[in-house]
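Below is one structure, written out as structure tokens; the observations come after it.
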Amino acid sequence: MKRPSYVTDKALKVFIKNALEEDIQDGDHSTLSTIPEDLQQSAKLLVKQDCILAGVELAEIIFKAFDKNLKVETFIKDGTPCKVGDIALIVTGSARSILSTERFVLNCMQRMSGIATLTHDWDSRLVGTKTKLLDTRKTTPNFRMCEKWAVAIGGGTNHRYGLYDMIMLKDNHIDYNGSITNAVKMAKDYVKKTKKKLKIEVETRNLEEVQEAINAKVDRIMLDNMDVKTMKKAVKMINGSTESEASGGITRDMLKEIASTGVTYISVGALTHSAENIDLSLKAVK
């Protein structure tokens, strides 16, 4: 699948550089002390748990960034359902390079595959509806790019990437400011003054706030921690005048019922903060 726009060569270069520096610093001494410099070997990436595989493209980029002479033969693409025993790829070249990047690659792929697998499972509950599943900013610092990439691989839709690409006025913004009306007016003035192309979303906690947000004419209204009955009323009030987003306390079993209200999106922080890593390993080819 095509990389999301935020997964740039520049971002990947910075991410990989920082991760390798964190792990290796002045040397992988276990490898340097026991593995001859000229030893050439191969290793296979083994799937040890049924999953939706993610991070394959990233793994190849990591291997090549560390050692351009490593050769990676890929057998399974990102987003593919895998079974126990499947071989995702084989990397061949310097044994030292393979060993020094092994854990970095596995950490990324195990985490990304866990997120992709969970996302795919949740998104499958929305098949047949028009509602899209969104992630959130509840991500691991300095690993957001990979976690959101994994959501996309799993079939989900990315919400805003960070604080800079959308204005989202949440409860604290509104409470600090005094009202939705005031906060939205200030946000619109800011967008006009800075000439930034930013959509404005407002979090609402009850039907009164929903009506205030409708009157303020925003791009999206978040329905936060509302029960399905209230959500249904809110969507009816919005009546297609803007996008709507259900959020807060949502479980997998609630997805279809929430989608039946007609909301445009359902955002779920659990996709990234509660996914369990998938068991993968990199084993020497003998």
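Letters A, B, ... go to the chains of the structure tokens in the order shown; residues in each chain start at 1; ligands are counted from 1 in the same order.
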
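Within 10 Å of region 1-12 of chain A there are Val14, Phe15, Ile16, Lys17, Asn18, Glu57, Leu58, Ile61, Ile62, Ala65, Lys77, Asp78, Gly79, Met145, Cys146, Lys148, Trp149, Ala152, Ile153, Asn158 and Tyr161 of chain A, counting only C-alpha atoms and ignoring same-chain residues fewer than 2 positions away.
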
Per residue of region 175-282 of chain A within 10 Å of region 90-110 of chain A, note the shortest atom pair and the distance in Å to one decimal, counting only C-alpha atoms, and order the rows by chain and increasing residue number, as CSV.
```
residue,atom,partner,partner_atom,distance
A:Glu276,CA,A:Gln110,CA,8.6
A:Asn277,CA,A:Gln110,CA,5.0
A:Ile278,CA,A:Gln110,CA,4.8
A:Asp279,CA,A:Gln110,CA,6.3
A:Leu280,CA,A:Gln110,CA,6.3
A:Ser281,CA,A:Leu106,CA,6.8
A:Leu282,CA,A:Glu102,CA,6.7
```

Please provide the set of residues having any atom within 10 Å of Ser241 (chain A), restricted to only C-alpha atoms, with same-chain residues fewer than 3 positions apart removed, written as a PyMOL selection string.
chain A and resi 214+217-220+235+237-238+244

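Residue nearest Glu257 (chain A), chosen from A:Lys13, A:His159, A:Lys229, A:His273 and counting only C-alpha atoms: A:Lys229.
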
Surrounding residues of Val47 (chain A) excluding itself and chain neighbours under 4 positions, 12 Å, only C-alpha atoms, as a VMD selection string:
chain A and resid 51 to 54 56 75 to 76 80 to 89 106 109 to 110 113 278 to 283

Keeping N, CA, C and O atoms for every residue in the selection just given, could you write it to a file as a short mmCIF file (atom, residue, chain, number, x, y, z; two decimals), in the first residue's frame?
```cif
data_model
loop_
_atom_site.label_atom_id
_atom_site.label_comp_id
_atom_site.auth_asym_id
_atom_site.auth_seq_id
_atom_site.Cartn_x
_atom_site.Cartn_y
_atom_site.Cartn_z
N CYS A 51 -2.07 -12.71 12.52
CA CYS A 51 -2.15 -11.25 12.60
C CYS A 51 -2.35 -10.62 11.22
O CYS A 51 -2.35 -11.31 10.20
N ILE A 52 -2.53 -9.31 11.25
CA ILE A 52 -2.40 -8.49 10.05
C ILE A 52 -0.99 -7.92 10.13
O ILE A 52 -0.67 -7.17 11.05
N LEU A 53 -0.14 -8.29 9.20
CA LEU A 53 1.26 -7.90 9.28
C LEU A 53 1.45 -6.43 8.89
O LEU A 53 0.86 -5.94 7.94
N ALA A 54 2.28 -5.74 9.66
CA ALA A 54 2.58 -4.33 9.39
C ALA A 54 4.04 -4.05 9.75
O ALA A 54 4.59 -4.65 10.66
N VAL A 56 6.54 -4.12 7.35
CA VAL A 56 7.44 -4.79 6.41
C VAL A 56 8.26 -3.76 5.62
O VAL A 56 9.49 -3.87 5.51
N PHE A 75 8.33 -11.49 1.21
CA PHE A 75 7.34 -12.48 0.77
C PHE A 75 5.91 -12.07 1.12
O PHE A 75 4.97 -12.55 0.49
N ILE A 76 5.76 -11.23 2.12
CA ILE A 76 4.42 -10.81 2.55
C ILE A 76 4.39 -9.28 2.65
O ILE A 76 5.29 -8.68 3.26
N THR A 80 -1.33 -7.68 5.00
CA THR A 80 -1.71 -9.05 4.63
C THR A 80 -2.02 -9.89 5.88
O THR A 80 -1.25 -9.88 6.84
N PRO A 81 -3.13 -10.63 5.87
CA PRO A 81 -3.40 -11.56 6.99
C PRO A 81 -2.36 -12.67 6.99
O PRO A 81 -2.08 -13.26 5.94
N CYS A 82 -1.77 -12.96 8.15
CA CYS A 82 -0.71 -13.97 8.26
C CYS A 82 -1.08 -15.05 9.28
O CYS A 82 -1.84 -14.79 10.22
N LYS A 83 -0.50 -16.20 9.07
CA LYS A 83 -0.69 -17.32 9.99
C LYS A 83 0.64 -17.66 10.67
O LYS A 83 1.72 -17.33 10.17
N VAL A 84 0.54 -18.36 11.79
CA VAL A 84 1.73 -18.83 12.49
C VAL A 84 2.60 -19.66 11.55
O VAL A 84 2.08 -20.54 10.84
N GLY A 85 3.88 -19.34 11.50
CA GLY A 85 4.79 -20.09 10.65
C GLY A 85 5.12 -19.41 9.34
O GLY A 85 6.06 -19.82 8.64
N ASP A 86 4.36 -18.39 8.97
CA ASP A 86 4.65 -17.65 7.73
C ASP A 86 5.99 -16.94 7.84
O ASP A 86 6.38 -16.47 8.92
N ILE A 87 6.68 -16.84 6.73
CA ILE A 87 7.94 -16.08 6.67
C ILE A 87 7.68 -14.79 5.92
O ILE A 87 7.29 -14.81 4.75
N ALA A 88 7.89 -13.68 6.58
CA ALA A 88 7.58 -12.37 5.99
C ALA A 88 8.68 -11.90 5.05
O ALA A 88 8.40 -11.31 4.01
N LEU A 89 9.92 -12.14 5.45
CA LEU A 89 11.05 -11.68 4.64
C LEU A 89 12.30 -12.44 5.03
O LEU A 89 12.37 -13.06 6.09
N LEU A 106 12.28 -5.71 14.91
CA LEU A 106 11.22 -6.48 15.57
C LEU A 106 10.33 -5.60 16.44
O LEU A 106 9.11 -5.76 16.45
N MET A 109 7.97 -3.78 14.06
CA MET A 109 6.99 -4.65 13.40
C MET A 109 6.01 -5.29 14.37
O MET A 109 4.82 -5.45 14.06
N GLN A 110 6.48 -5.67 15.56
CA GLN A 110 5.57 -6.27 16.54
C GLN A 110 4.51 -5.27 16.98
O GLN A 110 3.33 -5.61 17.09
N SER A 113 2.23 -4.37 13.89
CA SER A 113 1.34 -5.49 13.54
C SER A 113 0.21 -5.63 14.57
O SER A 113 -0.93 -5.96 14.22
N ILE A 278 2.37 -8.19 18.50
CA ILE A 278 2.30 -9.51 17.87
C ILE A 278 3.68 -10.18 18.00
O ILE A 278 4.72 -9.53 17.85
N ASP A 279 3.66 -11.47 18.23
CA ASP A 279 4.92 -12.21 18.42
C ASP A 279 5.56 -12.50 17.05
O ASP A 279 4.99 -13.23 16.22
N LEU A 280 6.72 -11.93 16.83
CA LEU A 280 7.51 -12.15 15.61
C LEU A 280 8.95 -12.43 16.05
O LEU A 280 9.36 -12.01 17.13
N SER A 281 9.71 -13.09 15.20
CA SER A 281 11.12 -13.30 15.54
C SER A 281 11.97 -13.29 14.27
O SER A 281 11.46 -13.56 13.18
N LEU A 282 13.23 -12.97 14.44
CA LEU A 282 14.20 -13.00 13.35
C LEU A 282 15.17 -14.14 13.64
O LEU A 282 15.93 -14.07 14.61
N LYS A 283 15.12 -15.17 12.82
CA LYS A 283 15.91 -16.38 13.08
C LYS A 283 16.94 -16.62 11.98
O LYS A 283 16.65 -16.44 10.79
#
```

Nearby residues (only C-alpha atoms) at most 12 Å from Ala246 (chain A), same-chain spacing under 2 positions excluded, as a PyMOL selection string:
chain A and resi 131-135+202-205+220-228+230-232+234-235+243-244+248-251+254-255+257-269
